[in-house]
file final22.txt (compact mmCIF, C-alpha atoms and all ligand atoms)
# COMPACT_ATOMS: atom_id res chain seq x y z
CA MET A 1 50.17 31.10 9.20
CA LEU A 2 46.99 29.45 10.35
CA ASP A 3 46.45 32.00 13.12
CA ALA A 4 44.26 34.83 11.78
CA GLU A 5 46.07 37.45 13.82
CA HIS A 6 49.40 36.23 12.52
CA GLN A 7 48.09 36.32 8.93
CA GLN A 8 46.97 39.92 9.33
CA GLN A 9 50.37 40.86 10.69
CA VAL A 10 52.07 39.31 7.68
CA GLN A 11 49.70 41.11 5.34
CA ARG A 12 50.34 44.46 7.04
CA THR A 13 54.10 44.00 6.76
CA PHE A 14 53.75 43.05 3.14
CA THR A 15 51.52 46.01 2.35
CA LYS A 16 54.02 48.37 3.95
CA ALA A 17 56.91 46.89 2.00
CA LEU A 18 54.96 47.20 -1.25
CA GLU A 19 54.32 50.89 -0.75
CA LYS A 20 57.84 51.43 -2.10
CA ASP A 21 56.94 49.57 -5.32
CA HIS A 22 56.17 51.98 -8.15
CA ALA A 23 53.78 49.58 -9.86
CA HIS A 24 50.30 49.58 -8.41
CA THR A 25 50.00 46.47 -6.24
CA THR A 26 46.93 45.15 -4.45
CA ILE A 27 47.00 42.38 -1.91
CA THR A 28 43.83 40.38 -2.26
CA GLY A 29 44.33 38.03 0.69
CA ILE A 30 46.02 34.91 1.92
CA SER A 31 45.11 31.63 0.26
CA GLN A 32 44.27 28.40 2.02
CA LEU A 33 47.84 27.29 1.38
CA GLY A 34 49.11 30.33 3.25
CA LEU A 35 50.24 32.13 0.10
CA ILE A 36 49.92 35.89 -0.18
CA GLU A 37 47.73 36.66 -3.17
CA MET A 38 48.30 39.93 -4.94
CA THR A 39 47.86 41.65 -8.24
CA ARG A 40 50.54 43.84 -9.68
CA LYS A 41 50.02 46.27 -12.51
CA ARG A 42 52.23 45.61 -15.51
CA THR A 43 54.75 48.37 -15.90
CA ARG A 44 56.02 47.32 -19.29
CA GLU A 45 53.88 47.26 -22.38
CA SER A 46 52.85 43.80 -23.49
CA LEU A 47 54.32 42.42 -26.70
CA GLY A 48 50.94 42.93 -28.35
CA GLN A 49 51.01 46.62 -27.50
CA ILE A 50 54.53 46.99 -28.86
CA LEU A 51 53.94 45.11 -32.13
CA ASN A 52 50.49 46.44 -32.96
CA SER A 53 49.01 49.87 -33.37
CA HIS A 54 45.36 50.81 -33.04
CA CYS A 55 43.25 49.98 -36.05
CA PRO A 56 42.38 53.36 -37.64
CA VAL A 57 38.97 52.14 -38.81
CA CYS A 58 37.51 51.10 -35.45
CA GLU A 59 40.04 53.19 -33.46
CA GLY A 60 40.99 50.15 -31.40
CA ARG A 61 37.51 49.21 -30.23
CA GLY A 62 37.46 46.09 -32.39
CA THR A 63 33.90 46.73 -33.52
CA LEU A 64 32.23 49.15 -35.92
CA LYS A 65 28.86 50.84 -35.76
CA SER A 66 26.52 48.93 -38.03
CA ALA A 67 25.33 50.49 -41.29
CA GLU A 68 21.86 50.63 -39.69
CA THR A 69 23.15 52.68 -36.75
CA VAL A 70 24.97 55.03 -39.11
CA CYS A 71 21.79 55.49 -41.20
CA TYR A 72 19.94 56.61 -38.09
CA GLU A 73 22.77 58.94 -37.14
CA ILE A 74 22.44 60.46 -40.61
CA PHE A 75 18.67 60.90 -40.15
CA ARG A 76 19.26 62.63 -36.81
CA GLU A 77 21.91 64.87 -38.37
CA ILE A 78 19.53 65.81 -41.21
CA LEU A 79 16.81 66.68 -38.69
CA ARG A 80 19.31 68.78 -36.73
CA ILE A 81 20.74 70.63 -39.73
CA VAL A 82 17.58 71.37 -41.76
CA ARG A 83 16.22 73.76 -39.13
CA ALA A 84 19.27 75.98 -39.49
CA TYR A 85 19.22 76.37 -43.30
CA GLU A 86 16.71 77.32 -45.94
CA ASN A 87 18.21 75.17 -48.69
CA ASP A 88 15.87 72.69 -50.32
CA ILE A 89 18.46 70.05 -51.05
CA PHE A 90 20.95 68.38 -48.75
CA LEU A 91 23.77 66.12 -49.77
CA VAL A 92 24.79 63.11 -47.71
CA THR A 93 28.24 61.73 -48.35
CA ALA A 94 28.86 58.26 -46.91
CA SER A 95 30.38 54.85 -47.60
CA GLN A 96 28.95 52.58 -50.29
CA LEU A 97 27.49 50.25 -47.66
CA VAL A 98 25.59 53.04 -45.91
CA VAL A 99 24.37 54.69 -49.12
CA ASP A 100 23.13 51.30 -50.38
CA ARG A 101 21.23 50.79 -47.16
CA LEU A 102 19.70 54.27 -47.26
CA LEU A 103 18.43 53.62 -50.78
CA ASP A 104 17.19 50.11 -50.03
CA GLU A 105 16.19 49.02 -46.48
CA GLU A 106 15.88 52.59 -45.19
CA SER A 107 14.24 54.08 -48.28
CA ASP A 108 10.77 54.24 -46.65
CA THR A 109 12.13 56.00 -43.58
CA LEU A 110 14.06 58.32 -45.83
CA ALA A 111 10.93 59.19 -47.85
CA GLU A 112 9.05 59.94 -44.61
CA LEU A 113 11.90 62.11 -43.40
CA GLU A 114 11.99 64.06 -46.67
CA GLU A 115 8.26 64.64 -46.44
CA LEU A 116 8.48 65.65 -42.78
CA VAL A 117 11.16 68.28 -43.34
CA GLY A 118 10.05 69.28 -46.84
CA LYS A 119 13.54 68.88 -48.27
CA THR A 120 15.24 66.61 -50.78
CA VAL A 121 18.18 64.47 -49.76
CA LYS A 122 20.77 63.41 -52.32
CA PHE A 123 23.52 60.87 -51.82
CA GLU A 124 27.09 60.51 -52.86
CA VAL A 125 29.41 57.57 -52.20
CA GLU A 126 32.81 58.43 -50.80
CA PRO A 127 35.02 55.34 -51.33
CA MET A 128 37.55 56.58 -48.79
CA TYR A 129 35.01 56.69 -45.96
CA THR A 130 34.71 53.88 -43.44
CA GLN A 131 31.13 52.78 -42.78
CA GLU A 132 31.07 55.07 -39.72
CA GLN A 133 31.99 58.25 -41.59
CA PHE A 134 29.51 60.59 -43.23
CA ASP A 135 28.84 64.25 -43.96
CA VAL A 136 25.59 66.10 -44.40
CA VAL A 137 26.08 69.33 -46.36
CA LEU A 138 24.05 71.92 -48.21
CA TYR A 139 23.70 71.10 -51.89
ZN ZN B 201 39.54 47.73 -36.23

call {"tool": "encode", "arguments": {"input": "final22.txt", "output": "structure tokens", "more": "lines below"}}
Ligand SMILES: [Zn+2]
result
Amino acid sequence: MLDAEHQQQVQRTFTKALEKDHAHTTITGISQLGLIEMTRKRTRESLGQILNSHCPVCEGRGTLKSAETVCYEIFREILRIVRAYENDIFLVTASQLVVDRLLDEESDTLAELEELVGKTVKFEVEPMYTQEQFDVVLY
């Protein structure tokens, strides 16, 4: 196994044999100890996958958009929607966390936005919404 040519021959034979394997297998080389190194895709679901289901709030990502990010998404949505309608008042429905932020930390930005578009924005808390969910509708 120390001979490079011999090693390649072994690897080729191995690769050919593994072509029959349904799981995706990749040979990564031969180690210093002369062991064939390979990775093999798991064909059965892990215990974690069997016992758990995706979290419906983050949809399995494990993280949520921050309230700040959602506030800016709402501002962008308002800017997008106001051009299409002549209504003077728009209603934003969002989670408590996001509405609180809009009325506190983002209140200056909100005031500027209202002035810019010449419309009034009202808010309503929807307790069922996750912090990522919101609607902007005509009032
Ligand atoms: Zn989650």

call {"tool": "closest_residue", "arguments": {"input": "final22.txt", "among": "A:Asn87, A:Thr25, A:Asn52, A:Gln9", "to": "ligand ZN 201 (chain B)", "atoms": "all atoms listed in the file"}}
result
A:Asn52

call {"tool": "closest_residue", "arguments": {"input": "final22.txt", "among": "A:Leu91, A:Leu97, A:Leu102, A:Ile27", "to": "Phe123 of chain A", "atoms": "only C-alpha atoms"}}
result
A:Leu91

call {"tool": "closest_residue", "arguments": {"input": "final22.txt", "among": "A:Val70, A:Ile36, A:Val99, A:Leu138", "to": "Gln7 of chain A", "atoms": "only C-alpha atoms"}}
result
A:Ile36

call {"tool": "residues_near_ligand", "arguments": {"input": "final22.txt", "ligand": "ligand ZN 201 (chain B)", "cutoff": "12 Å", "atoms": "all atoms listed in the file", "output": "list in words"}}
result
Asn52, Ser53, His54, Cys55, Pro56, Val57, Cys58, Glu59, Gly60, Arg61, Gly62, Thr63, Leu64, Lys65, Thr130, Gln131 and Glu132 of chain A

call {"tool": "closest_residue", "arguments": {"input": "final22.txt", "among": "A:Ala94, A:Glu68, A:Phe134, A:Tyr85", "to": "Ser107 of chain A", "atoms": "only C-alpha atoms"}}
result
A:Glu68

call {"tool": "atom_distance", "arguments": {"input": "final22.txt", "atom1": "atom CA of Phe90 of chain A", "atom2": "atom CA of Val117 of chain A"}}
result
11.2 Å

call {"tool": "closest_residue", "arguments": {"input": "final22.txt", "among": "A:Glu126, A:Asp135, A:Glu5, A:Asp104", "to": "Glu77 of chain A", "atoms": "all atoms listed in the file"}}
result
A:Asp135

call {"tool": "atom_distance", "arguments": {"input": "final22.txt", "atom1": "atom CA of Gln133 of chain A", "atom2": "atom CA of Leu110 of chain A"}}
result
18.4 Å

call {"tool": "atom_distance", "arguments": {"input": "final22.txt", "atom1": "atom CA of Asp100 of chain A", "atom2": "atom CA of Pro127 of chain A"}}
result
12.6 Å
